[in-house]
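Enquirer: So here's protein_30.cif, just mmCIF, C-alpha atoms and all ligand atoms:
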data_entry
#
loop_
_atom_site.group_PDB
_atom_site.id
_atom_site.type_symbol
_atom_site.label_atom_id
_atom_site.label_comp_id
_atom_site.auth_asym_id
_atom_site.auth_seq_id
_atom_site.Cartn_x
_atom_site.Cartn_y
_atom_site.Cartn_z
ATOM 1 C CA MET A 1 3.461 -28.222 -16.077
ATOM 2 C CA ALA A 2 4.942 -24.830 -15.238
ATOM 3 C CA SER A 3 7.421 -24.575 -12.390
ATOM 4 C CA VAL A 4 6.555 -22.615 -9.251
ATOM 5 C CA ALA A 5 8.946 -19.839 -10.297
ATOM 6 C CA GLU A 6 7.277 -19.609 -13.718
ATOM 7 C CA ILE A 7 3.812 -19.461 -12.113
ATOM 8 C CA ARG A 8 4.930 -16.711 -9.721
ATOM 9 C CA TRP A 9 6.642 -14.662 -12.415
ATOM 10 C CA SER A 10 3.696 -15.001 -14.794
ATOM 11 C CA ALA A 11 1.188 -14.066 -12.049
ATOM 12 C CA MET A 12 3.201 -10.965 -11.083
ATOM 13 C CA LYS A 13 3.481 -9.784 -14.699
ATOM 14 C CA ARG A 14 -0.248 -10.253 -15.214
ATOM 15 C CA ALA A 15 -1.050 -8.461 -11.957
ATOM 16 C CA ALA A 16 1.100 -5.510 -13.003
ATOM 17 C CA ARG A 17 -1.195 -5.243 -16.059
ATOM 18 C CA HIS A 18 -4.268 -5.622 -13.779
ATOM 19 C CA SER A 19 -5.139 -8.921 -15.457
ATOM 20 C CA CYS A 20 -6.185 -12.230 -13.954
ATOM 21 C CA PRO A 21 -3.094 -13.972 -12.492
ATOM 22 C CA GLN A 22 -4.291 -17.363 -13.758
ATOM 23 C CA CYS A 23 -5.335 -16.765 -17.385
ATOM 24 C CA GLY A 24 -4.089 -13.221 -18.043
ATOM 25 C CA ARG A 25 -7.244 -12.409 -20.056
ATOM 26 C CA GLY A 26 -9.793 -11.270 -17.482
ATOM 27 C CA GLU A 27 -9.756 -7.821 -15.893
ATOM 28 C CA LEU A 28 -8.984 -7.738 -12.171
ATOM 29 C CA PHE A 29 -10.973 -4.586 -11.431
ATOM 30 C CA GLN A 30 -14.555 -3.572 -12.095
ATOM 31 C CA SER A 31 -13.698 0.033 -11.201
ATOM 32 C CA TYR A 32 -10.826 1.897 -9.580
ATOM 33 C CA ALA A 33 -9.406 -0.274 -6.768
ATOM 34 C CA ARG A 34 -12.556 -2.438 -6.699
ATOM 35 C CA LEU A 35 -11.766 -6.080 -7.463
ATOM 36 C CA ARG A 36 -14.202 -8.205 -9.427
ATOM 37 C CA GLY A 37 -15.556 -11.234 -7.595
ATOM 38 C CA SER A 38 -14.031 -13.597 -10.132
ATOM 39 C CA CYS A 39 -12.433 -13.734 -13.572
ATOM 40 C CA GLU A 40 -14.933 -13.567 -16.433
ATOM 41 C CA HIS A 41 -12.725 -15.877 -18.553
ATOM 42 C CA CYS A 42 -11.453 -18.653 -16.278
ATOM 43 C CA GLY A 43 -13.620 -18.223 -13.166
ATOM 44 C CA LEU A 44 -10.744 -17.745 -10.730
ATOM 45 C CA ARG A 45 -12.114 -16.155 -7.572
ATOM 46 C CA PHE A 46 -10.324 -12.913 -6.749
ATOM 47 C CA ARG A 47 -12.225 -12.297 -3.510
ATOM 48 C CA ARG A 48 -12.639 -15.756 -2.079
ATOM 49 C CA GLU A 49 -13.241 -14.885 1.588
ATOM 50 C CA GLN A 50 -13.704 -11.990 3.994
ATOM 51 C CA GLY A 51 -10.381 -10.377 4.797
ATOM 52 C CA ALA A 52 -8.531 -11.952 1.880
ATOM 53 C CA GLN A 53 -7.270 -8.519 0.839
ATOM 54 C CA THR A 54 -5.939 -7.576 4.276
ATOM 55 C CA GLY A 55 -2.450 -8.353 3.025
ATOM 56 C CA SER A 56 -2.827 -5.770 0.266
ATOM 57 C CA MET A 57 -3.497 -3.124 2.929
ATOM 58 C CA TYR A 58 -0.291 -4.084 4.735
ATOM 59 C CA LEU A 59 1.587 -4.083 1.431
ATOM 60 C CA SER A 60 0.175 -0.661 0.541
ATOM 61 C CA ALA A 61 1.025 0.721 3.994
ATOM 62 C CA ALA A 62 4.591 -0.614 3.857
ATOM 63 C CA ILE A 63 5.292 0.722 0.352
ATOM 64 C CA THR A 64 3.697 4.076 1.207
ATOM 65 C CA GLN A 65 5.905 4.329 4.295
ATOM 66 C CA LEU A 66 8.976 3.632 2.168
ATOM 67 C CA PHE A 67 7.833 6.384 -0.209
ATOM 68 C CA ALA A 68 7.329 8.765 2.725
ATOM 69 C CA CYS A 69 10.810 7.952 4.076
ATOM 70 C CA ALA A 70 12.375 8.603 0.674
ATOM 71 C CA LEU A 71 10.456 11.875 0.431
ATOM 72 C CA ILE A 72 11.614 12.951 3.902
ATOM 73 C CA PHE A 73 15.258 12.334 2.957
ATOM 74 C CA LEU A 74 14.805 14.200 -0.325
ATOM 75 C CA VAL A 75 13.270 17.198 1.431
ATOM 76 C CA TRP A 76 15.745 17.056 4.325
ATOM 77 C CA PHE A 77 18.863 16.909 2.152
ATOM 78 C CA GLY A 78 17.546 18.609 -0.987
ATOM 79 C CA THR A 79 15.838 21.714 0.369
ATOM 80 C CA ASP A 80 16.095 24.233 3.160
ATOM 81 C CA TRP A 81 12.353 24.147 3.853
ATOM 82 C CA GLY A 82 11.007 24.455 7.370
ATOM 83 C CA LEU A 83 8.689 21.965 9.022
ATOM 84 C CA GLY A 84 5.497 23.725 7.847
ATOM 85 C CA ALA A 85 6.498 23.863 4.186
ATOM 86 C CA SER A 86 7.787 20.287 4.276
ATOM 87 C CA LEU A 87 4.497 19.020 5.716
ATOM 88 C CA ALA A 88 2.427 21.173 3.318
ATOM 89 C CA VAL A 89 4.166 19.577 0.334
ATOM 90 C CA GLY A 90 4.905 16.107 1.713
ATOM 91 C CA LEU A 91 1.576 15.102 3.230
ATOM 92 C CA PRO A 92 -0.473 15.602 0.033
ATOM 93 C CA LEU A 93 2.185 13.769 -1.994
ATOM 94 C CA VAL A 94 2.084 10.804 0.374
ATOM 95 C CA ALA A 95 -1.726 10.766 0.317
ATOM 96 C CA VAL A 96 -1.815 10.852 -3.498
ATOM 97 C CA PHE A 97 0.830 8.111 -3.699
ATOM 98 C CA CYS A 98 -1.209 5.937 -1.337
ATOM 99 C CA VAL A 99 -4.353 6.316 -3.454
ATOM 100 C CA LEU A 100 -2.486 5.688 -6.728
ATOM 101 C CA PHE A 101 -0.679 2.627 -5.352
ATOM 102 C CA LEU A 102 -3.797 0.981 -3.873
ATOM 103 C CA PRO A 103 -4.918 -0.902 -7.023
ATOM 104 C CA TYR A 104 -1.351 -2.107 -7.603
ATOM 105 C CA SER A 105 -1.128 -3.445 -4.064
ATOM 106 C CA GLN A 106 -4.468 -5.245 -4.502
ATOM 107 C CA ALA A 107 -3.346 -6.710 -7.825
ATOM 108 C CA LEU A 108 0.026 -7.783 -6.431
ATOM 109 C CA TRP A 109 -1.578 -9.321 -3.369
ATOM 110 C CA THR A 110 -4.043 -11.252 -5.535
ATOM 111 C CA ALA A 111 -1.094 -12.553 -7.579
ATOM 112 C CA ILE A 112 0.856 -13.461 -4.433
ATOM 113 C CA GLU A 113 -2.134 -15.394 -3.076
ATOM 114 C CA TYR A 114 -2.707 -17.084 -6.410
ATOM 115 C CA SER A 115 0.912 -18.107 -6.953
ATOM 116 C CA THR A 116 1.268 -19.361 -3.389
ATOM 117 C CA ASP A 117 -1.922 -21.395 -3.609
ATOM 118 C CA ALA A 118 -1.109 -22.662 -7.116
ATOM 119 C CA ALA A 119 2.249 -23.889 -5.829
ATOM 120 C CA ASN A 120 0.393 -25.715 -3.029
ATOM 121 C CA ARG A 121 -2.141 -27.110 -5.553
ATOM 122 C CA GLU A 122 -5.124 -25.725 -3.636
ATOM 123 C CA ALA A 123 -8.546 -26.313 -5.161
ATOM 124 C CA TRP A 124 -9.597 -22.671 -5.558
ATOM 125 C CA VAL A 125 -6.974 -22.010 -8.262
ATOM 126 C CA GLN A 126 -8.450 -24.583 -10.641
ATOM 127 C CA PRO A 127 -10.451 -23.158 -13.586
ATOM 128 C CA ARG A 128 -14.184 -23.103 -12.894
ATOM 129 C CA ASN A 129 -15.633 -21.881 -16.203
ATOM 130 C CA GLY A 130 -16.844 -18.742 -14.423
ATOM 131 C CA ARG A 131 -20.074 -20.381 -13.229
ATOM 132 C CA ASP A 132 -19.757 -21.575 -9.654
ATOM 133 C CA ALA A 133 -18.036 -18.727 -7.824
HETATM 134 ZN ZN ZN B 201 -8.763 -15.631 -15.474
#
Show the structure stored in the file as structure tokens.
Ligand SMILES: [Zn+2]
Expert:
Amino acid sequence: MASVAEIRWSAMKRAARHSCPQCGRGELFQSYARLRGSCEHCGLRFRREQGAQTGSMYLSAAITQLFACALIFLVWFGTDWGLGASLAVGLPLVAVFCVLFLPYSQALWTAIEYSTDAANREAWVQPRNGRDA
């Protein structure tokens, strides 16, 4: 039996590849930033209840805010741009970053949920043969 740390590390690596955190073989997404209902290989439910991905929105918002802060410091200390030019360049960059990071935040959140629930031995993380989702 894998240790909790091994489960968490494995789930995070698989999520970074957009693969199922449990088996690593199934695809997490059916299209851009749209999670599948469950894994086609092991049956793990990715969307097991309404609001289960709320944490990914918070994660995405927090990381995007960190990106925006870093961008503000770069522009503030690295350029002599005025407010208008800074906003004209910065706002689109932040918006693009947010859109590009969204699937990663969903994948990471799915892995966080999986590894937390696997450590607690909750029933939904047991393989289901993909039939009874
Ligand atoms: Zn799977």
Enquirer: Please identify all polymer residues lying at most 12 Å from the point (2.5, 5.8, 3.9) (file coordinates), using only C-alpha atoms, and present the result as a ChimeraX atom specification.
Expert: /A:57-72,90-102
Enquirer: Dump the neighbourhood of ligand ZN 201 (chain B) as a list in words: all residues within 6 Å, distances computed on all atoms listed in the file.
Expert: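 Sorted by chain and then by number, the residues are Cys20, Gln22, Cys23, Gly24, Arg25, Gly26, Cys39, His41, Cys42, Gly43 and Leu44 of chain A.
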Enquirer: Skip segment 110-127 of chain A itself and residues of its chain fewer than 2 positions away, then list as a PyMOL selection string all residues within 12 Å of it, counting only C-alpha atoms.
Expert: chain A and resi 1-24+28-29+35-49+52-57+59+103-108+129-133
Enquirer: Save out the residues we just selected, C-alpha atoms, as a compact mmCIF listing (two decimals), keeping the file's coordinate frame.
Expert:
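out_4.txt written:
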# COMPACT_ATOMS: atom_id res chain seq x y z
CA MET A 1 3.46 -28.22 -16.08
CA ALA A 2 4.94 -24.83 -15.24
CA SER A 3 7.42 -24.58 -12.39
CA VAL A 4 6.56 -22.62 -9.25
CA ALA A 5 8.95 -19.84 -10.30
CA GLU A 6 7.28 -19.61 -13.72
CA ILE A 7 3.81 -19.46 -12.11
CA ARG A 8 4.93 -16.71 -9.72
CA TRP A 9 6.64 -14.66 -12.42
CA SER A 10 3.70 -15.00 -14.79
CA ALA A 11 1.19 -14.07 -12.05
CA MET A 12 3.20 -10.96 -11.08
CA LYS A 13 3.48 -9.78 -14.70
CA ARG A 14 -0.25 -10.25 -15.21
CA ALA A 15 -1.05 -8.46 -11.96
CA ALA A 16 1.10 -5.51 -13.00
CA ARG A 17 -1.20 -5.24 -16.06
CA HIS A 18 -4.27 -5.62 -13.78
CA SER A 19 -5.14 -8.92 -15.46
CA CYS A 20 -6.18 -12.23 -13.95
CA PRO A 21 -3.09 -13.97 -12.49
CA GLN A 22 -4.29 -17.36 -13.76
CA CYS A 23 -5.34 -16.76 -17.39
CA GLY A 24 -4.09 -13.22 -18.04
CA LEU A 28 -8.98 -7.74 -12.17
CA PHE A 29 -10.97 -4.59 -11.43
CA LEU A 35 -11.77 -6.08 -7.46
CA ARG A 36 -14.20 -8.20 -9.43
CA GLY A 37 -15.56 -11.23 -7.60
CA SER A 38 -14.03 -13.60 -10.13
CA CYS A 39 -12.43 -13.73 -13.57
CA GLU A 40 -14.93 -13.57 -16.43
CA HIS A 41 -12.72 -15.88 -18.55
CA CYS A 42 -11.45 -18.65 -16.28
CA GLY A 43 -13.62 -18.22 -13.17
CA LEU A 44 -10.74 -17.74 -10.73
CA ARG A 45 -12.11 -16.16 -7.57
CA PHE A 46 -10.32 -12.91 -6.75
CA ARG A 47 -12.22 -12.30 -3.51
CA ARG A 48 -12.64 -15.76 -2.08
CA GLU A 49 -13.24 -14.88 1.59
CA ALA A 52 -8.53 -11.95 1.88
CA GLN A 53 -7.27 -8.52 0.84
CA THR A 54 -5.94 -7.58 4.28
CA GLY A 55 -2.45 -8.35 3.02
CA SER A 56 -2.83 -5.77 0.27
CA MET A 57 -3.50 -3.12 2.93
CA LEU A 59 1.59 -4.08 1.43
CA PRO A 103 -4.92 -0.90 -7.02
CA TYR A 104 -1.35 -2.11 -7.60
CA SER A 105 -1.13 -3.44 -4.06
CA GLN A 106 -4.47 -5.24 -4.50
CA ALA A 107 -3.35 -6.71 -7.82
CA LEU A 108 0.03 -7.78 -6.43
CA ASN A 129 -15.63 -21.88 -16.20
CA GLY A 130 -16.84 -18.74 -14.42
CA ARG A 131 -20.07 -20.38 -13.23
CA ASP A 132 -19.76 -21.58 -9.65
CA ALA A 133 -18.04 -18.73 -7.82
